[in-house]
Amino acid sequence: MSCVFCAIVAGKAPAIRIYEDDDYLAVLDIRPFARGHTLVFPKSHTVDLTDTPADTVAGMAAIGQRIARAARASGLHADGNNIAINDGKPAFQSVFHIHLHVVPRREGDKLSFAKGLFLRRDPDREESGRLLREALARIDSAEKD
């Protein structure tokens with residue numbers, strides 16, 4: 001089994017399980033950014049945001065929100081959380097089974113989770129907006145066909 005998350009779901013790879021239901025699993029990350037860093041993923045294999053149904057992504061977000069709330073209420077004493085989906089290799093996705101990161105944060109923890117990872121100024125916001133609107137229109141049209 002080449003997908004580590006599928007192996008975890010099948011019980012063939014070890015993991016510390018935080019949450020599980022019929023469709024989703026949440027486990028502690030083996031290389032955490034912070035104590036309690038949890039990965040939420042569907043049991044059914046999809047690679048990234050482009051091939052994952054929207055309701056599956058919404059389900060991951062709902063579970064991630066619950067885990068974030070638990071991080072604040074637990075002995076981890078989180079003051080906040082970073083929530084992220086790395087979509088594709090250029091976005092630092094390293095396991096190609098979609099998953100949501102929930103990273104508990106504490107005031108003053110000095111973790112630079114997103115520092116330097118994104119462009120602060122778009123050189124042509126109008127053009128970027130036009131390109132995205134046109135692509136959304138094509139996608140919407142294709143979904144109606």
# chains A, B, ... in the order shown; residues from 1 in each chain; ligands from 1
$ select_by_dssp --residues "range 49-124 of chain A" --states "alpha helix (DSSP H)" --output "ChimeraX atom specification"
/A:54-73
$ write_last_selection --atoms "C-alpha atoms" --output "PDB file, in the first residue's frame"
ATOM      1  CA  ALA A  54     -16.736  19.786  -1.724  1.00  0.00           C
ATOM      2  CA  ASP A  55     -18.811  18.008   0.924  1.00  0.00           C
ATOM      3  CA  THR A  56     -15.745  15.939   1.872  1.00  0.00           C
ATOM      4  CA  VAL A  57     -13.658  19.101   2.297  1.00  0.00           C
ATOM      5  CA  ALA A  58     -16.495  20.599   4.374  1.00  0.00           C
ATOM      6  CA  GLY A  59     -16.516  17.489   6.558  1.00  0.00           C
ATOM      7  CA  MET A  60     -12.770  17.789   7.153  1.00  0.00           C
ATOM      8  CA  ALA A  61     -13.217  21.458   8.079  1.00  0.00           C
ATOM      9  CA  ALA A  62     -15.985  20.639  10.572  1.00  0.00           C
ATOM     10  CA  ILE A  63     -13.824  17.997  12.266  1.00  0.00           C
ATOM     11  CA  GLY A  64     -10.831  20.354  12.207  1.00  0.00           C
ATOM     12  CA  GLN A  65     -12.928  22.998  13.955  1.00  0.00           C
ATOM     13  CA  ARG A  66     -13.868  20.511  16.682  1.00  0.00           C
ATOM     14  CA  ILE A  67     -10.204  19.538  17.164  1.00  0.00           C
ATOM     15  CA  ALA A  68      -9.205  23.215  17.307  1.00  0.00           C
ATOM     16  CA  ARG A  69     -11.828  23.755  19.997  1.00  0.00           C
ATOM     17  CA  ALA A  70     -10.492  20.726  21.882  1.00  0.00           C
ATOM     18  CA  ALA A  71      -6.919  22.077  21.654  1.00  0.00           C
ATOM     19  CA  ARG A  72      -8.104  25.247  23.399  1.00  0.00           C
ATOM     20  CA  ALA A  73     -10.052  23.331  26.052  1.00  0.00           C
TER      21      ALA A  73
END
$ select_by_dssp --residues "chain A" --states "strand (DSSP E or B)" --output "list of chain:residue names"
A:Arg17, A:Ile18, A:Tyr19, A:Glu20, A:Tyr24, A:Leu25, A:Ala26, A:Val27, A:Leu28, A:Thr38, A:Leu39, A:Val40, A:Phe41, A:Pro42, A:Gly80, A:Asn81, A:Asn82, A:Ile83, A:Ala84, A:Leu100, A:His101, A:Val102, A:Val103, A:Pro104, A:Arg105
$ write_last_selection --atoms "C-alpha atoms" --output "short mmCIF file (atom, residue, chain, number, x, y, z; two decimals), in the first residue's frame"
data_model
loop_
_atom_site.label_atom_id
_atom_site.label_comp_id
_atom_site.auth_asym_id
_atom_site.auth_seq_id
_atom_site.Cartn_x
_atom_site.Cartn_y
_atom_site.Cartn_z
CA ARG A 17 -5.84 8.35 16.55
CA ILE A 18 -7.57 11.48 17.82
CA TYR A 19 -10.95 11.12 16.11
CA GLU A 20 -12.64 8.57 13.88
CA TYR A 24 -12.90 10.44 8.45
CA LEU A 25 -9.84 9.87 10.58
CA ALA A 26 -7.76 12.36 12.57
CA VAL A 27 -4.27 11.43 13.78
CA LEU A 28 -1.33 13.18 15.38
CA THR A 38 -3.34 16.85 14.05
CA LEU A 39 -4.08 15.68 10.51
CA VAL A 40 -7.70 15.18 9.44
CA PHE A 41 -8.37 13.15 6.29
CA PRO A 42 -11.13 11.22 4.58
CA GLY A 80 -5.47 29.66 18.73
CA ASN A 81 -4.89 27.30 15.82
CA ASN A 82 -3.58 27.31 12.28
CA ILE A 83 -5.76 25.34 9.87
CA ALA A 84 -4.32 24.49 6.44
CA LEU A 100 -6.22 19.15 6.82
CA HIS A 101 -3.60 20.32 9.31
CA VAL A 102 -4.77 21.59 12.71
CA VAL A 103 -1.82 23.21 14.47
CA PRO A 104 -2.46 24.40 18.04
CA ARG A 105 -0.80 27.75 18.78
#
$ atom_distance --atom1 "CA of Cys3 in chain A" --atom2 "CA of His45 in chain A"
8.7 Å
$ atom_distance --atom1 "CA of Glu107 in chain A" --atom2 "CA of Pro32 in chain A"
17.5 Å
$ atom_distance --atom1 "CA of His97 in chain A" --atom2 "CA of Ala34 in chain A"
21.5 Å
$ residues_around --residues "Ala13 in chain A" --least-positions-apart "5" --cutoff "10 Å" --atoms "only C-alpha atoms" --output "list in words"
Met1, Val4, Phe5, Cys6, Ala7 and Ile8 of chain A
